[in-house]
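Trainee: Let me begin by handing over the structure; questions about it come next.
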Amino acid sequence: MSGLDQLERHREPGRARARPSCDWSGHPEPDARPDNHTRWHPHAGYWTSACNDPTETDAEFVSYIHLFVSQISWQRRAVDDLLRAVADDATAGVMIAGLSLERIHHPYDGGMDVLLPTAAERDAIAHQHAQWLSHHPEGF
């Protein structure tokens, strides 16, 4: 069973999932999304933007994150292209979550973070997938 399937064991078949992703720029409004982002995350609509560091005063270092989100009916392979782009470090800032946001899967090019609603559920998933955990002494 894949990690995403494991996380979604509580799901109802076909239930909607949110897929946030992001782009960055040096200005408060997003640019047009690159074609490859549209391919990895089809039907994503602009949600909001935020300044990465509101205390930054040097214009050269001011940057903004632009969030895009879509909703899909969960099925196997529904996010494969997006996950491949993340693994290849071609995009970042991706999350896959149920609409309640109780369980969030945040992949990145070196692994993934999994946010779960309880410590017990976290510990159960960690035990089932111990081979996936970092061997770093601090868990990084």
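Chain identifiers are assigned as A, B, and so on, following the order in which chains appear in the structure tokens; residues are numbered from 1 within each chain, and ligands are numbered from 1 in order of appearance.
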Select from range 58-87 of chain A everything DSSP, run on the backbone, classes as alpha helix (DSSP H), then give the selection as a list of chain:residue names.

Mentor: A:Asp80, A:Asp81, A:Leu82, A:Leu83, A:Arg84, A:Ala85, A:Val86, A:Ala87

Trainee: Identify all residues of range 17-122 of chain A in strand (DSSP E) (DSSP on the backbone) and supply them as an MDAnalysis selection string.

Mentor: chainID A and resid 17:25 45:51 64:73 96:98 104:108 111:115

Trainee: Within 10 Å of range 115-131 of chain A, which residues of range 12-103 of chain A come that close, and what is the closest atom pair and distance in Å for each? Count only C-alpha atoms and give it as a Markdown table.

Mentor:
```
| residue | atom | partner | partner_atom | distance |
| --- | --- | --- | --- | --- |
| A:Ala97 | CA | A:Leu115 | CA | 9.5 |
| A:Leu101 | CA | A:Pro117 | CA | 9.0 |
| A:Glu102 | CA | A:Pro117 | CA | 5.5 |
| A:Arg103 | CA | A:Leu116 | CA | 4.8 |
```

Trainee: What does the file look like for those residues with N, CA, C and O atoms, as a PDB file, in the first residue's frame?

Mentor:
```pdb
ATOM      1  N   ALA A  97      -4.129  16.987   0.633  1.00  0.00           N
ATOM      2  CA  ALA A  97      -4.878  16.887   1.886  1.00  0.00           C
ATOM      3  C   ALA A  97      -6.346  16.651   1.613  1.00  0.00           C
ATOM      4  O   ALA A  97      -6.863  17.019   0.564  1.00  0.00           O
ATOM      5  N   LEU A 101      -8.447  19.038   6.034  1.00  0.00           N
ATOM      6  CA  LEU A 101      -7.044  19.322   6.341  1.00  0.00           C
ATOM      7  C   LEU A 101      -6.561  18.605   7.601  1.00  0.00           C
ATOM      8  O   LEU A 101      -5.605  19.024   8.237  1.00  0.00           O
ATOM      9  N   GLU A 102      -7.211  17.485   7.963  1.00  0.00           N
ATOM     10  CA  GLU A 102      -6.771  16.718   9.129  1.00  0.00           C
ATOM     11  C   GLU A 102      -5.517  15.899   8.827  1.00  0.00           C
ATOM     12  O   GLU A 102      -4.757  15.594   9.733  1.00  0.00           O
ATOM     13  N   ARG A 103      -5.345  15.499   7.603  1.00  0.00           N
ATOM     14  CA  ARG A 103      -4.185  14.720   7.188  1.00  0.00           C
ATOM     15  C   ARG A 103      -3.569  15.413   5.980  1.00  0.00           C
ATOM     16  O   ARG A 103      -4.227  15.593   4.968  1.00  0.00           O
TER      17      ARG A 103
END
```

Trainee: Pick out the residues sitting within 10 Å of Pro28 in chain A, and hand them over as a PyMOL selection string; count only C-alpha atoms, and ignore anything fewer than 5 positions along from it in its own chain.

Mentor: chain A and resi 48-51+62-66

Trainee: Save out the residues we just selected, N, CA, C and O atoms, as a PDB file, in the first residue's frame.

Mentor:
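Listed below is the output, selection_5.pdb:
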```pdb
ATOM      1  N   THR A  48      -4.317  32.800  -3.073  1.00  0.00           N
ATOM      2  CA  THR A  48      -3.862  33.971  -2.333  1.00  0.00           C
ATOM      3  C   THR A  48      -2.356  34.115  -2.470  1.00  0.00           C
ATOM      4  O   THR A  48      -1.680  33.197  -2.925  1.00  0.00           O
ATOM      5  N   SER A  49      -1.842  35.257  -2.040  1.00  0.00           N
ATOM      6  CA  SER A  49      -0.400  35.509  -2.026  1.00  0.00           C
ATOM      7  C   SER A  49      -0.020  36.068  -0.664  1.00  0.00           C
ATOM      8  O   SER A  49      -0.848  36.676   0.026  1.00  0.00           O
ATOM      9  N   ALA A  50       1.235  35.875  -0.307  1.00  0.00           N
ATOM     10  CA  ALA A  50       1.735  36.405   0.961  1.00  0.00           C
ATOM     11  C   ALA A  50       3.205  36.749   0.800  1.00  0.00           C
ATOM     12  O   ALA A  50       3.942  36.074   0.079  1.00  0.00           O
ATOM     13  N   CYS A  51       3.615  37.786   1.496  1.00  0.00           N
ATOM     14  CA  CYS A  51       5.023  38.166   1.508  1.00  0.00           C
ATOM     15  C   CYS A  51       5.773  37.167   2.381  1.00  0.00           C
ATOM     16  O   CYS A  51       5.340  36.853   3.495  1.00  0.00           O
ATOM     17  N   VAL A  62      12.881  41.102  -1.227  1.00  0.00           N
ATOM     18  CA  VAL A  62      11.446  40.905  -0.986  1.00  0.00           C
ATOM     19  C   VAL A  62      10.931  39.856  -1.966  1.00  0.00           C
ATOM     20  O   VAL A  62      11.188  39.938  -3.164  1.00  0.00           O
ATOM     21  N   SER A  63      10.213  38.869  -1.442  1.00  0.00           N
ATOM     22  CA  SER A  63       9.639  37.851  -2.313  1.00  0.00           C
ATOM     23  C   SER A  63       8.256  37.458  -1.795  1.00  0.00           C
ATOM     24  O   SER A  63       7.941  37.646  -0.618  1.00  0.00           O
ATOM     25  N   TYR A  64       7.482  36.928  -2.713  1.00  0.00           N
ATOM     26  CA  TYR A  64       6.101  36.551  -2.409  1.00  0.00           C
ATOM     27  C   TYR A  64       5.856  35.117  -2.813  1.00  0.00           C
ATOM     28  O   TYR A  64       6.391  34.637  -3.816  1.00  0.00           O
ATOM     29  N   ILE A  65       5.037  34.452  -2.045  1.00  0.00           N
ATOM     30  CA  ILE A  65       4.575  33.109  -2.392  1.00  0.00           C
ATOM     31  C   ILE A  65       3.143  33.247  -2.901  1.00  0.00           C
ATOM     32  O   ILE A  65       2.348  33.995  -2.327  1.00  0.00           O
ATOM     33  N   HIS A  66       2.849  32.584  -3.991  1.00  0.00           N
ATOM     34  CA  HIS A  66       1.519  32.632  -4.601  1.00  0.00           C
ATOM     35  C   HIS A  66       0.934  31.224  -4.547  1.00  0.00           C
ATOM     36  O   HIS A  66       1.516  30.288  -5.103  1.00  0.00           O
TER      37      HIS A  66
END
```

Trainee: My list of candidates is A:Asp80, A:Leu67, A:Met112, A:Glu60. Which is closest to Asp23 in chain A when distances are computed with only C-alpha atoms?

Mentor: A:Leu67

Trainee: Smallest atom-to-atom distance to Pro20 in chain A: which of A:Val69, A:Gly98, A:His41, A:Val114, using only C-alpha atoms?

Mentor: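 The shortest atom-to-atom distance to Pro20 in chain A comes from A:Val69.
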
Trainee: Would you work out the distance separating CA of Trp74 in chain A from CA of Leu133 in chain A, expressed in Å to one decimal?

Mentor: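 Distance reported for this atom pair: 25.5 Å.
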
Trainee: Can you work out which one of A:Gly139, A:Pro42, A:Pro30, A:Gly110 has the shortest atom-to-atom distance to Ala78 in chain A, counting only C-alpha atoms?

Mentor: A:Pro42

Trainee: When you look at His106 in chain A with a cut-off of 8 Å (counting only C-alpha atoms), what residues show up, excluding the ones that are within fewer than 4 positions of it in the same chain? I need them as a PyMOL selection string.

Mentor: chain A and resi 93-96+112-114

Trainee: Give me a file of those residues, with all heavy atoms, as a PDB file, in the first residue's frame.

Mentor:
```
ATOM      1  N   GLY A  93       6.573  23.189  -2.646  1.00  0.00           N
ATOM      2  CA  GLY A  93       5.437  23.791  -1.964  1.00  0.00           C
ATOM      3  C   GLY A  93       4.126  23.082  -2.238  1.00  0.00           C
ATOM      4  O   GLY A  93       3.071  23.698  -2.212  1.00  0.00           O
ATOM      5  N   VAL A  94       4.179  21.785  -2.485  1.00  0.00           N
ATOM      6  CA  VAL A  94       2.987  21.006  -2.804  1.00  0.00           C
ATOM      7  C   VAL A  94       2.471  20.325  -1.541  1.00  0.00           C
ATOM      8  O   VAL A  94       3.251  19.843  -0.725  1.00  0.00           O
ATOM      9  CB  VAL A  94       3.321  19.936  -3.878  1.00  0.00           C
ATOM     10  CG1 VAL A  94       2.182  18.960  -4.065  1.00  0.00           C
ATOM     11  CG2 VAL A  94       3.690  20.610  -5.183  1.00  0.00           C
ATOM     12  N   MET A  95       1.175  20.294  -1.395  1.00  0.00           N
ATOM     13  CA  MET A  95       0.545  19.545  -0.318  1.00  0.00           C
ATOM     14  C   MET A  95      -0.654  18.801  -0.892  1.00  0.00           C
ATOM     15  O   MET A  95      -1.284  19.283  -1.825  1.00  0.00           O
ATOM     16  CB  MET A  95       0.081  20.473   0.802  1.00  0.00           C
ATOM     17  CG  MET A  95       1.220  21.087   1.567  1.00  0.00           C
ATOM     18  SD  MET A  95       0.638  22.194   2.836  1.00  0.00           S
ATOM     19  CE  MET A  95       0.440  23.692   1.888  1.00  0.00           C
ATOM     20  N   ILE A  96      -0.946  17.664  -0.311  1.00  0.00           N
ATOM     21  CA  ILE A  96      -2.122  16.893  -0.702  1.00  0.00           C
ATOM     22  C   ILE A  96      -2.870  16.614   0.588  1.00  0.00           C
ATOM     23  O   ILE A  96      -2.285  16.100   1.550  1.00  0.00           O
ATOM     24  CB  ILE A  96      -1.728  15.593  -1.411  1.00  0.00           C
ATOM     25  CG1 ILE A  96      -0.892  15.927  -2.656  1.00  0.00           C
ATOM     26  CG2 ILE A  96      -2.969  14.784  -1.772  1.00  0.00           C
ATOM     27  CD1 ILE A  96      -0.112  14.783  -3.201  1.00  0.00           C
ATOM     28  N   MET A 112       9.352  13.552   2.526  1.00  0.00           N
ATOM     29  CA  MET A 112       8.013  14.097   2.726  1.00  0.00           C
ATOM     30  C   MET A 112       7.770  14.312   4.213  1.00  0.00           C
ATOM     31  O   MET A 112       8.363  13.660   5.061  1.00  0.00           O
ATOM     32  CB  MET A 112       6.950  13.172   2.165  1.00  0.00           C
ATOM     33  CG  MET A 112       6.786  11.881   2.921  1.00  0.00           C
ATOM     34  SD  MET A 112       5.463  10.892   2.240  1.00  0.00           S
ATOM     35  CE  MET A 112       6.020   9.274   2.704  1.00  0.00           C
ATOM     36  N   ASP A 113       6.909  15.247   4.499  1.00  0.00           N
ATOM     37  CA  ASP A 113       6.386  15.443   5.845  1.00  0.00           C
ATOM     38  C   ASP A 113       4.947  14.973   5.825  1.00  0.00           C
ATOM     39  O   ASP A 113       4.237  15.163   4.832  1.00  0.00           O
ATOM     40  CB  ASP A 113       6.418  16.918   6.257  1.00  0.00           C
ATOM     41  CG  ASP A 113       7.833  17.434   6.453  1.00  0.00           C
ATOM     42  OD1 ASP A 113       8.716  16.624   6.792  1.00  0.00           O
ATOM     43  OD2 ASP A 113       8.049  18.647   6.279  1.00  0.00           O
ATOM     44  N   VAL A 114       4.530  14.353   6.909  1.00  0.00           N
ATOM     45  CA  VAL A 114       3.162  13.887   7.039  1.00  0.00           C
ATOM     46  C   VAL A 114       2.607  14.483   8.317  1.00  0.00           C
ATOM     47  O   VAL A 114       3.172  14.300   9.391  1.00  0.00           O
ATOM     48  CB  VAL A 114       3.101  12.340   7.086  1.00  0.00           C
ATOM     49  CG1 VAL A 114       1.669  11.868   7.270  1.00  0.00           C
ATOM     50  CG2 VAL A 114       3.708  11.756   5.821  1.00  0.00           C
TER      51      VAL A 114
END
```

Trainee: If I take CA of Phe61 in chain A and CA of Trp24 in chain A, how far is one from the other in Å, to one decimal?

Mentor: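 For CA of Phe61 in chain A relative to CA of Trp24 in chain A, the distance reads 12.3 Å.
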
Trainee: May I ask which of the residues A:His105, A:His136, A:His37, A:His43 is the closest one to Leu82 in chain A, counting only C-alpha atoms?

Mentor: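 Smallest separation from Leu82 in chain A among the options: A:His37.
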
Trainee: What lies within 7 Å of range 85-91 of chain A using only C-alpha atoms, ignoring chain neighbours under 5 positions off, as a PyMOL selection string?

Mentor: chain A and resi 107-109
